[in-house]
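Working notes, beginning with the structure itself.
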Amino acid sequence: MTGSATRMATKAEFHKMAPQIEDLAKTWITRGGNFAVAVSEVEPGAVLARQNDPEEHMVIVPPDGPTLSISAGGKTIEARADSLTIVPPGASTITAKSKGLFAQIYSKASTDIMALASNAAIYADGAPELAPPDLWPAPYDGYRLRHYPLAPYAKADGERIQPRVFRSTNMLVNLFVPFKTRRETVGLSPHWHDDFEQASLTLSGRWIHHLRYNWGPDLASWIADDHGEMTTPSVAIIPATVVHTTRDVGEGESSLYDIFCPPRLDFARKKGFVLNEDEYPLPEVPADDTVRTGGSLLAWQKPG
Ligand SMILES: [Fe+2]
């Protein structure tokens with residue numbers, strides 16, 4: 001890791017903030033350098049229509065989320081609780097069939113969404129510290145709605161940390177199996193990413209994203225470690241080079257979804273790790289491909 005962080009982390013706790021869009025759906029929008037996270041609380045009948053998104057976007061419905069009817073590319077699917085849907089570029093419509101909360105992830109190509117973000121001012125400089133968000137090759141069978149119920153990818157008697165990774169042409173998400181027990185404080189994984197950001201979206205439980213900002217030469221610019229607890233639903237946008245590890249500290253079941261845009265090449269190249277890898281070709285690997293992540297990584301976080 002070289003240099004110090006270019007910006008502070010964004011920590012958005014949605015129920016303490018005014019939504020950016022409010023009608024039959026309340027929507028809170030938080031951006032990173034290359035993406036935006038839009039979390040919506042919908043009433044039955046709410047319609048969220050998009051006219052012309054240039055790239056794919058993702059719809060995450062948590063285990064206690066609503067049923068959504070999602071239309072795009074001449075097809076309509078019903079997205080129920082505990083599912084991921086990848087929406088193709090172009091026009092799309094989401095109609096809520098029941099009440100609840102869900103999340104959508106857009107790339108920076110959806111400029112109207114990016115402009116609405118509550119933290120847009122933090123990214124007014126365009127985030128030059130990040131690697132450029134190259135669009136990866138189109139899916140083998142062309143762009144279309146792709147729907148993944150998530151329950152089949154959860155092992156009831158499996159490890160406490162069960163990553164479930166999916167990707168599109170423009171982003172990669174790790175939809176961890178919900179946690180029923182708390183993380184032990186002797187098994188944390190403080191690490192950093194050299195040239196990409198991470199969004200950690202939490203829709204249930206209470207969480208601490210431990211954050212440490214690297215020192216620069218100016219003592220006056222040093223930033224204290226951040227161990228602040230966050231309510232849910234909330235998202236933390238973790239800047240490049242900031243050391244981070246996340247701990248859930250609430251009661252009952254808790255949910256965590258990590259978001260990377262563009263997709264992480266180190267994860268995408270691990271054979272069998274990305275659950276829908278058979279649907280998307282890998283890009284040409286750049287000649288200067290080097291390690292982008294360092295620190296105390298868990299086995300599944302290490303390059304394969
Ligand atoms: Fe990370």
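Labels used: A, B, ... for chains in the order of the structure tokens, numbers from 1 for residues in each chain, and numbers from 1 for ligands as shown.
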Q | Trp136 of chain A surroundings by only C-alpha atoms, 10 Å radius, close-in-sequence under 5 positions cut, as a ChimeraX atom specification | A | /A:168-171,262-263,280-284
**Q.** Contacts of Ile161 of chain A at 8 Å (only C-alpha atoms; same-chain gap of 3+ positions) as a PyMOL selection string
**A.** chain A and resi 176-177+179
(Q) My list of candidates is A:Gly294, A:Pro66, A:Pro286, A:Gly272. Which is closest to ligand 1 when distances are computed with only C-alpha atoms and all ligand atoms? (A) A:Gly294
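A distance search around ligand 1 (7 Å at most, only C-alpha atoms and all ligand atoms) returns the following protein and nucleic acid residues: His191, Trp192, His193, Gln198 and His244 of chain A.
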Q: Report the distance between atom CA of Asn174 of chain A and atom CA of Asn276 of chain A in Å, rounded to one decimal place.
A: 12.0 Å
Q: Could you give me, as number ranges by chain, each residue of segment 112-289 of chain A that DSSP assigns to strand (DSSP E) when run on this structure's backbone?
A: A: 146-149, 165-167, 172-175, 191-193, 198-204, 207-212, 229-230, 234-238, 243-248, 255-260
Q: Go ahead and compute the interatomic distance for atom CA of Ala38 of chain A and atom CA of Ala18 of chain A, in Å to one decimal.
A: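 Going from atom CA of Ala38 of chain A over to atom CA of Ala18 of chain A, I get 13.1 Å.
Between Gly205 of chain A and the residues A:Ser255, A:Thr6, A:Ser107, A:Thr181, the shortest atom-to-atom distance, using only C-alpha atoms, involves A:Ser255.
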**Q.** Contacts of His147 of chain A at 8 Å (only C-alpha atoms; same-chain gap of 4+ positions) as a ChimeraX atom specification
**A.** /A:77,79,83-86
Q) So which residues touch His210 of chain A within 12 Å, counting only C-alpha atoms, skipping near sequence neighbours fewer than 2 positions away, as an NGL selection string? A) :A and (9 or 11 or 185 or 188-192 or 200 or 207-208 or 212-213 or 224-230 or 236 or 238 or 242-248)
Write out, as a PDB file, in the first residue's frame, the residues just selected, with N, CA and C atoms.
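Written output follows (again-v1.pdb):
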ATOM      1  N   ALA A   9     -14.223   7.741   4.229  1.00  0.00           N
ATOM      2  CA  ALA A   9     -15.307   6.798   4.003  1.00  0.00           C
ATOM      3  C   ALA A   9     -16.654   7.520   4.134  1.00  0.00           C
ATOM      4  N   LYS A  11     -20.424   6.912   5.435  1.00  0.00           N
ATOM      5  CA  LYS A  11     -21.195   6.000   6.274  1.00  0.00           C
ATOM      6  C   LYS A  11     -22.637   6.518   6.301  1.00  0.00           C
ATOM      7  N   THR A 185     -13.577 -12.133  18.011  1.00  0.00           N
ATOM      8  CA  THR A 185     -12.653 -10.996  17.885  1.00  0.00           C
ATOM      9  C   THR A 185     -11.200 -11.443  17.699  1.00  0.00           C
ATOM     10  N   LEU A 188     -10.394 -11.729  12.995  1.00  0.00           N
ATOM     11  CA  LEU A 188     -10.746 -10.636  12.077  1.00  0.00           C
ATOM     12  C   LEU A 188      -9.795 -10.632  10.871  1.00  0.00           C
ATOM     13  N   SER A 189     -10.118  -9.846   9.869  1.00  0.00           N
ATOM     14  CA  SER A 189      -9.314  -9.872   8.632  1.00  0.00           C
ATOM     15  C   SER A 189      -9.046  -8.459   8.121  1.00  0.00           C
ATOM     16  N   PRO A 190      -8.285  -7.665   8.899  1.00  0.00           N
ATOM     17  CA  PRO A 190      -7.988  -6.307   8.417  1.00  0.00           C
ATOM     18  C   PRO A 190      -7.155  -6.348   7.135  1.00  0.00           C
ATOM     19  N   HIS A 191      -7.646  -5.653   6.109  1.00  0.00           N
ATOM     20  CA  HIS A 191      -6.975  -5.654   4.803  1.00  0.00           C
ATOM     21  C   HIS A 191      -7.330  -4.369   4.069  1.00  0.00           C
ATOM     22  N   TRP A 192      -6.715  -4.157   2.913  1.00  0.00           N
ATOM     23  CA  TRP A 192      -7.005  -2.955   2.135  1.00  0.00           C
ATOM     24  C   TRP A 192      -6.965  -3.296   0.657  1.00  0.00           C
ATOM     25  N   SER A 200     -19.862  -1.844   1.592  1.00  0.00           N
ATOM     26  CA  SER A 200     -20.397  -2.890   2.466  1.00  0.00           C
ATOM     27  C   SER A 200     -21.807  -2.459   2.872  1.00  0.00           C
ATOM     28  N   TRP A 207     -23.662  -3.202  13.039  1.00  0.00           N
ATOM     29  CA  TRP A 207     -22.347  -3.499  12.472  1.00  0.00           C
ATOM     30  C   TRP A 207     -21.310  -2.456  12.874  1.00  0.00           C
ATOM     31  N   ILE A 208     -20.055  -2.912  12.958  1.00  0.00           N
ATOM     32  CA  ILE A 208     -18.911  -2.002  13.042  1.00  0.00           C
ATOM     33  C   ILE A 208     -18.008  -2.296  11.846  1.00  0.00           C
ATOM     34  N   ARG A 212      -9.114   2.165   9.233  1.00  0.00           N
ATOM     35  CA  ARG A 212      -7.843   2.816   9.583  1.00  0.00           C
ATOM     36  C   ARG A 212      -7.282   3.487   8.344  1.00  0.00           C
ATOM     37  N   TYR A 213      -7.026   4.779   8.462  1.00  0.00           N
ATOM     38  CA  TYR A 213      -6.503   5.578   7.356  1.00  0.00           C
ATOM     39  C   TYR A 213      -4.983   5.646   7.470  1.00  0.00           C
ATOM     40  N   ALA A 224      -8.080   9.727  12.843  1.00  0.00           N
ATOM     41  CA  ALA A 224      -8.175   8.703  13.887  1.00  0.00           C
ATOM     42  C   ALA A 224      -8.861   7.443  13.350  1.00  0.00           C
ATOM     43  N   ASP A 225      -8.516   6.301  13.919  1.00  0.00           N
ATOM     44  CA  ASP A 225      -9.217   5.060  13.600  1.00  0.00           C
ATOM     45  C   ASP A 225     -10.705   5.240  13.863  1.00  0.00           C
ATOM     46  N   ASP A 226     -11.522   4.584  13.054  1.00  0.00           N
ATOM     47  CA  ASP A 226     -12.980   4.690  13.183  1.00  0.00           C
ATOM     48  C   ASP A 226     -13.523   3.316  13.578  1.00  0.00           C
ATOM     49  N   HIS A 227     -14.111   3.236  14.773  1.00  0.00           N
ATOM     50  CA  HIS A 227     -14.727   1.995  15.241  1.00  0.00           C
ATOM     51  C   HIS A 227     -16.216   2.222  15.512  1.00  0.00           C
ATOM     52  N   GLY A 228     -16.800   3.166  14.800  1.00  0.00           N
ATOM     53  CA  GLY A 228     -18.197   3.528  15.050  1.00  0.00           C
ATOM     54  C   GLY A 228     -19.179   2.440  14.639  1.00  0.00           C
ATOM     55  N   GLU A 229     -20.195   2.235  15.474  1.00  0.00           N
ATOM     56  CA  GLU A 229     -21.228   1.242  15.180  1.00  0.00           C
ATOM     57  C   GLU A 229     -22.267   1.855  14.250  1.00  0.00           C
ATOM     58  N   MET A 230     -22.811   1.045  13.363  1.00  0.00           N
ATOM     59  CA  MET A 230     -23.838   1.526  12.437  1.00  0.00           C
ATOM     60  C   MET A 230     -25.113   0.724  12.584  1.00  0.00           C
ATOM     61  N   ALA A 236     -21.531   1.410   3.996  1.00  0.00           N
ATOM     62  CA  ALA A 236     -20.242   2.081   4.155  1.00  0.00           C
ATOM     63  C   ALA A 236     -19.511   1.984   2.820  1.00  0.00           C
ATOM     64  N   ILE A 238     -15.990   2.243   1.397  1.00  0.00           N
ATOM     65  CA  ILE A 238     -14.640   2.194   1.955  1.00  0.00           C
ATOM     66  C   ILE A 238     -13.648   2.577   0.860  1.00  0.00           C
ATOM     67  N   VAL A 242      -7.748   2.276   2.530  1.00  0.00           N
ATOM     68  CA  VAL A 242      -8.196   2.302   3.926  1.00  0.00           C
ATOM     69  C   VAL A 242      -8.267   0.862   4.450  1.00  0.00           C
ATOM     70  N   VAL A 243      -7.549   0.589   5.533  1.00  0.00           N
ATOM     71  CA  VAL A 243      -7.574  -0.746   6.148  1.00  0.00           C
ATOM     72  C   VAL A 243      -8.955  -0.951   6.769  1.00  0.00           C
ATOM     73  N   HIS A 244      -9.553  -2.121   6.509  1.00  0.00           N
ATOM     74  CA  HIS A 244     -10.915  -2.346   7.010  1.00  0.00           C
ATOM     75  C   HIS A 244     -11.139  -3.799   7.383  1.00  0.00           C
ATOM     76  N   THR A 245     -11.992  -3.986   8.370  1.00  0.00           N
ATOM     77  CA  THR A 245     -12.539  -5.306   8.685  1.00  0.00           C
ATOM     78  C   THR A 245     -13.876  -5.052   9.354  1.00  0.00           C
ATOM     79  N   THR A 246     -14.835  -5.932   9.095  1.00  0.00           N
ATOM     80  CA  THR A 246     -16.218  -5.693   9.510  1.00  0.00           C
ATOM     81  C   THR A 246     -16.649  -6.736  10.534  1.00  0.00           C
ATOM     82  N   ARG A 247     -17.379  -6.273  11.526  1.00  0.00           N
ATOM     83  CA  ARG A 247     -17.815  -7.126  12.629  1.00  0.00           C
ATOM     84  C   ARG A 247     -19.284  -6.850  12.905  1.00  0.00           C
ATOM     85  N   ASP A 248     -20.093  -7.904  13.026  1.00  0.00           N
ATOM     86  CA  ASP A 248     -21.483  -7.676  13.412  1.00  0.00           C
ATOM     87  C   ASP A 248     -21.597  -7.808  14.920  1.00  0.00           C
TER      88      ASP A 248
END
Q: Grab the atom CA of Asp112 of chain A to atom CA of Pro88 of chain A distance for me, in Å with one decimal place.
A: 17.4 Å
Q: Counting only C-alpha atoms, figure out which residue out of A:Lys270, A:Val37, A:Ala240, A:Tyr257 gets nearest to Ala299 of chain A.
A: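 Among the listed residues, the smallest separation from Ala299 of chain A belongs to A:Lys270.
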Q. Per DSSP on the backbone, what are the helix (DSSP H, G or I) residues of segment 33-123 of chain A, as a count of residues only?
A. 10
Q | Shell around segment 201-204 of chain A at 7 Å using only C-alpha atoms, local window under 2 positions removed, as a PyMOL selection string | A | chain A and resi 199+206+232-236+254-258
